[in-house]
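Here is the file entry.txt (compact mmCIF, C-alpha atoms).
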```txt
# COMPACT_ATOMS: atom_id res chain seq x y z
CA MET B 1258 -50.10 -28.66 -63.25
CA THR B 1259 -46.63 -28.45 -61.76
CA ASP B 1260 -46.11 -28.72 -57.99
CA ARG B 1261 -45.19 -25.06 -57.97
CA ALA B 1262 -48.43 -24.08 -59.68
CA VAL B 1263 -50.48 -26.20 -57.24
CA GLN B 1264 -48.66 -24.55 -54.33
CA LEU B 1265 -49.41 -21.11 -55.73
CA LEU B 1266 -53.06 -22.11 -56.10
CA GLY B 1267 -53.06 -23.03 -52.40
CA TYR B 1268 -51.48 -19.74 -51.32
CA GLY B 1269 -53.79 -17.76 -53.61
CA SER B 1270 -56.86 -19.52 -52.21
CA ALA B 1271 -55.65 -19.00 -48.64
CA PHE B 1272 -55.17 -15.31 -49.36
CA LEU B 1273 -58.69 -14.98 -50.80
CA THR B 1274 -60.56 -16.80 -48.04
CA THR B 1275 -58.49 -15.15 -45.28
CA THR B 1276 -58.88 -11.58 -46.49
CA SER B 1277 -62.49 -11.86 -47.68
CA PHE B 1278 -63.88 -11.09 -44.22
CA PHE B 1279 -62.31 -7.64 -44.15
CA PRO B 1280 -64.61 -6.00 -46.74
CA GLN B 1281 -67.57 -7.46 -44.82
CA ALA B 1282 -66.26 -6.19 -41.48
CA ILE B 1283 -65.57 -2.72 -42.94
CA LYS B 1284 -69.07 -2.62 -44.43
CA VAL B 1285 -70.68 -3.56 -41.12
CA LEU B 1286 -68.56 -1.13 -39.09
CA ARG B 1287 -69.29 1.72 -41.52
CA THR B 1288 -72.99 1.19 -42.14
CA ASN B 1289 -74.13 -0.66 -39.00
CA GLU B 1290 -76.41 -2.55 -41.42
CA THR B 1291 -76.59 -6.00 -39.83
CA ARG B 1292 -80.12 -7.12 -40.62
CA GLY B 1293 -78.95 -9.40 -43.44
CA ILE B 1294 -76.09 -10.78 -41.33
CA SER B 1295 -76.71 -14.20 -39.79
CA LEU B 1296 -76.01 -14.31 -36.04
CA ARG B 1297 -75.67 -18.10 -36.22
CA MET B 1298 -73.11 -17.92 -39.00
CA TYR B 1299 -70.87 -15.54 -37.06
CA LEU B 1300 -71.24 -17.45 -33.79
CA LEU B 1301 -70.18 -20.69 -35.50
CA PHE B 1302 -67.53 -19.10 -37.68
CA THR B 1303 -65.89 -17.00 -34.94
CA LEU B 1304 -65.76 -20.00 -32.62
CA GLY B 1305 -64.36 -22.13 -35.48
CA VAL B 1306 -61.65 -19.58 -36.32
CA ALA B 1307 -60.65 -19.40 -32.64
CA GLY B 1308 -60.50 -23.22 -32.56
CA TRP B 1309 -58.35 -23.32 -35.72
CA GLY B 1310 -56.03 -20.70 -34.27
CA ILE B 1311 -55.51 -22.76 -31.09
CA TYR B 1312 -55.11 -25.92 -33.21
CA GLY B 1313 -52.40 -24.20 -35.31
CA TRP B 1314 -50.67 -22.95 -32.16
CA LEU B 1315 -50.68 -26.36 -30.46
CA ASN B 1316 -49.41 -28.08 -33.62
CA ARG B 1317 -46.87 -25.34 -34.29
CA ASP B 1318 -48.53 -25.13 -37.72
CA TRP B 1319 -47.80 -21.45 -38.33
CA PRO B 1320 -49.65 -21.00 -41.64
CA VAL B 1321 -52.86 -22.31 -39.98
CA PHE B 1322 -52.22 -20.18 -36.89
CA ALA B 1323 -51.46 -17.04 -38.94
CA ALA B 1324 -54.42 -17.36 -41.31
CA ASN B 1325 -56.85 -17.66 -38.41
CA LEU B 1326 -55.16 -14.96 -36.37
CA ILE B 1327 -55.66 -12.59 -39.31
CA THR B 1328 -59.31 -13.53 -39.85
CA PHE B 1329 -60.27 -13.44 -36.17
CA PRO B 1330 -60.57 -9.66 -35.62
CA ALA B 1331 -62.71 -9.29 -38.76
CA THR B 1332 -65.20 -12.03 -37.89
CA ALA B 1333 -65.25 -11.02 -34.20
CA ALA B 1334 -66.03 -7.39 -35.15
CA ILE B 1335 -68.96 -8.51 -37.33
CA LEU B 1336 -70.28 -10.74 -34.54
CA GLU B 1337 -69.95 -7.97 -31.97
CA ARG B 1338 -71.90 -5.48 -34.10
CA LYS B 1339 -74.60 -8.03 -34.84
CA ILE B 1340 -75.06 -8.84 -31.15
CA LYS B 1341 -75.08 -5.13 -30.26
CA SER B 1342 -77.75 -4.35 -32.83
CA LEU B 1343 -79.91 -7.24 -31.60
CA LEU B 1344 -79.57 -6.01 -28.00
CA ASN B 1345 -80.44 -2.45 -29.07
CA GLN B 1346 -83.59 -3.66 -30.81
CA ARG B 1347 -84.86 -5.09 -27.57
CA THR B 1348 -84.52 -1.94 -25.52
CA MET V 96 -53.40 -31.63 -24.56
CA THR V 97 -53.13 -35.14 -25.97
CA ASP V 98 -52.70 -35.69 -29.71
CA ARG V 99 -56.22 -37.08 -29.80
CA ALA V 100 -57.64 -33.96 -28.16
CA VAL V 101 -55.77 -31.70 -30.60
CA GLN V 102 -57.10 -33.76 -33.51
CA LEU V 103 -60.64 -33.45 -32.18
CA LEU V 104 -60.13 -29.68 -31.87
CA GLY V 105 -59.15 -29.62 -35.55
CA TYR V 106 -62.17 -31.63 -36.64
CA GLY V 107 -64.48 -29.56 -34.45
CA SER V 108 -63.10 -26.30 -35.87
CA ALA V 109 -63.40 -27.63 -39.43
CA PHE V 110 -67.01 -28.58 -38.75
CA LEU V 111 -67.81 -25.11 -37.38
CA THR V 112 -66.20 -23.05 -40.15
CA THR V 113 -67.50 -25.36 -42.90
CA THR V 114 -71.12 -25.42 -41.76
CA SER V 115 -71.32 -21.78 -40.63
CA PHE V 116 -72.19 -20.56 -44.12
CA PHE V 117 -75.41 -22.55 -44.20
CA PRO V 118 -77.38 -20.44 -41.70
CA GLN V 119 -76.29 -17.34 -43.65
CA ALA V 120 -77.30 -18.88 -46.99
CA ILE V 121 -80.68 -19.98 -45.57
CA LYS V 122 -81.27 -16.49 -44.16
CA VAL V 123 -80.46 -14.82 -47.48
CA LEU V 124 -82.56 -17.28 -49.52
CA ARG V 125 -85.54 -16.89 -47.15
CA THR V 126 -85.51 -13.15 -46.62
CA ASN V 127 -83.75 -11.82 -49.73
CA GLU V 128 -82.22 -9.29 -47.31
CA THR V 129 -78.80 -8.69 -48.85
CA ARG V 130 -78.15 -5.02 -48.10
CA GLY V 131 -75.79 -5.83 -45.24
CA ILE V 132 -74.03 -8.54 -47.26
CA SER V 133 -70.68 -7.51 -48.75
CA LEU V 134 -70.40 -8.25 -52.48
CA ARG V 135 -66.60 -8.09 -52.24
CA MET V 136 -66.51 -10.61 -49.41
CA TYR V 137 -68.54 -13.17 -51.34
CA LEU V 138 -66.64 -12.61 -54.59
CA LEU V 139 -63.33 -13.22 -52.80
CA PHE V 140 -64.60 -16.03 -50.60
CA THR V 141 -66.42 -17.97 -53.33
CA LEU V 142 -63.38 -17.75 -55.60
CA GLY V 143 -61.15 -18.82 -52.69
CA VAL V 144 -63.33 -21.81 -51.83
CA ALA V 145 -63.33 -22.90 -55.49
CA GLY V 146 -59.53 -22.55 -55.50
CA TRP V 147 -59.21 -24.61 -52.30
CA GLY V 148 -61.47 -27.29 -53.77
CA ILE V 149 -59.32 -27.58 -56.88
CA TYR V 150 -56.18 -27.55 -54.71
CA GLY V 151 -57.58 -30.42 -52.61
CA TRP V 152 -58.53 -32.36 -55.73
CA LEU V 153 -55.12 -31.92 -57.37
CA ASN V 154 -53.30 -32.92 -54.16
CA ARG V 155 -55.72 -35.78 -53.49
CA ASP V 156 -56.20 -34.11 -50.11
CA TRP V 157 -59.77 -35.29 -49.54
CA PRO V 158 -60.51 -33.45 -46.28
CA VAL V 159 -59.59 -30.14 -47.96
CA PHE V 160 -61.55 -31.10 -51.08
CA ALA V 161 -64.62 -32.22 -49.08
CA ALA V 162 -64.73 -29.19 -46.76
CA ASN V 163 -64.68 -26.79 -49.69
CA LEU V 164 -67.10 -28.85 -51.75
CA ILE V 165 -69.57 -28.61 -48.85
CA THR V 166 -69.12 -24.86 -48.37
CA PHE V 167 -69.25 -23.97 -52.07
CA PRO V 168 -73.02 -24.18 -52.68
CA ALA V 169 -73.73 -22.05 -49.59
CA THR V 170 -71.32 -19.24 -50.47
CA ALA V 171 -72.25 -19.38 -54.18
CA ALA V 172 -75.96 -19.05 -53.30
CA ILE V 173 -75.27 -15.97 -51.14
CA LEU V 174 -73.17 -14.42 -53.93
CA GLU V 175 -75.83 -15.15 -56.55
CA ARG V 176 -78.59 -13.50 -54.49
CA LYS V 177 -76.42 -10.47 -53.76
CA ILE V 178 -75.62 -9.98 -57.46
CA LYS V 179 -79.28 -10.46 -58.41
CA SER V 180 -80.44 -7.86 -55.91
CA LEU V 181 -77.82 -5.37 -57.12
CA LEU V 182 -78.93 -5.92 -60.73
CA ASN V 183 -82.59 -5.51 -59.76
CA GLN V 184 -81.84 -2.20 -58.05
CA ARG V 185 -80.50 -0.83 -61.29
CA THR V 186 -83.54 -1.61 -63.44
```
Just dump the structure as structure tokens.
Amino acid sequence: MTDRAVQLLGYGSAFLTTTSFFPQAIKVLRTNETRGISLRMYLLFTLGVAGWGIYGWLNRDWPVFAANLITFPATAAILERKIKSLLNQRT
Amino acid sequence: MTDRAVQLLGYGSAFLTTTSFFPQAIKVLRTNETRGISLRMYLLFTLGVAGWGIYGWLNRDWPVFAANLITFPATAAILERKIKSLLNQRT
């Protein structure tokens, strides 16, 4: 593969993994169906994305900062709905 | 922050986002509860992780290769169960 093709593969993969959380967030916000959603996954992942964002910011690594800034609202929205539905179950 | 602290933040964030898919995969494999799981998310994400893995391999970027190699079985297992449950619904 040429360098250009490898670079495109990287950008394509970044696009896929970054945007993939949006269909999940939309599904959760629309249906409020969070039983299958893992609280632990979204606690770890949301914290990890926040950490990556800060890491990108501190290193002035803007692709890393941007990718995580984009993903953050999606994963945070899923986490928020999951926590809300768990709290509602208890009352 | 010192360079060492920033580096630790990067490793910590990588650890969190890489391992976060395991609790979700375990939950799906145990409960078969996939209604809240977004098919689109796992199609995009699994493809993206595979792309990142190949990108890491081609660039001999072993941290990128390793992180995606670790995440792949978890996201692929979630995707496989989601597809199976959708196919079962139709029969």
Name the residues in contact with range 125-140 of chain V at a cut-off of 9 Å, using only C-alpha atoms, excluding same-chain residues fewer than 2 positions from it; report them as an MDAnalysis selection string.
-> (chainID B and resid 1270 1273:1282 1284:1285 1288:1294) or (chainID V and resid 120:123 142:145 170:171 173:174 176:178 180:181)
Could you please determine the separation between CA of Gly1310 in chain B and CA of Asn1325 in chain B in Å, to one decimal place?
->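 These two atoms are separated by 5.2 Å.
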Could you check which of V:Ala169, V:Leu124, V:Ala109, V:Ala162 is closest to Thr1303 in chain B, using only C-alpha atoms?
-> V:Ala109
Could you tell me which of B:Trp1314, B:Phe1329, B:Trp1319, B:Trp1309 comes closest to chain V if we count all atoms listed in the file?
->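 Smallest distance to chain V is found for B:Trp1309.
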Mind pulling up the distance from CA of Tyr106 in chain V to CA of Arg155 in chain V?
->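 It comes out at 18.5 Å.
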For each of B:Val1321, B:Met1258, B:Lys1341, B:Gly1308, take the minimum atom-to-atom distance to chain V, counting all atoms listed in the file, then give the residue where this is smallest.
->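 The shortest atom-to-atom distance to chain V comes from B:Gly1308.
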Distance in Å - CA of Gln102 in chain V versus CA of Asp1260 in chain B |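 Interatomic distance here is 27.3 Å.
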From the list B:Ile1311, B:Phe1272, B:Gly1267, B:Arg1347, which residue is nearest Leu1326 in chain B when using all atoms listed in the file?
->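 Among the listed residues, B:Ile1311 lies closest to Leu1326 in chain B.
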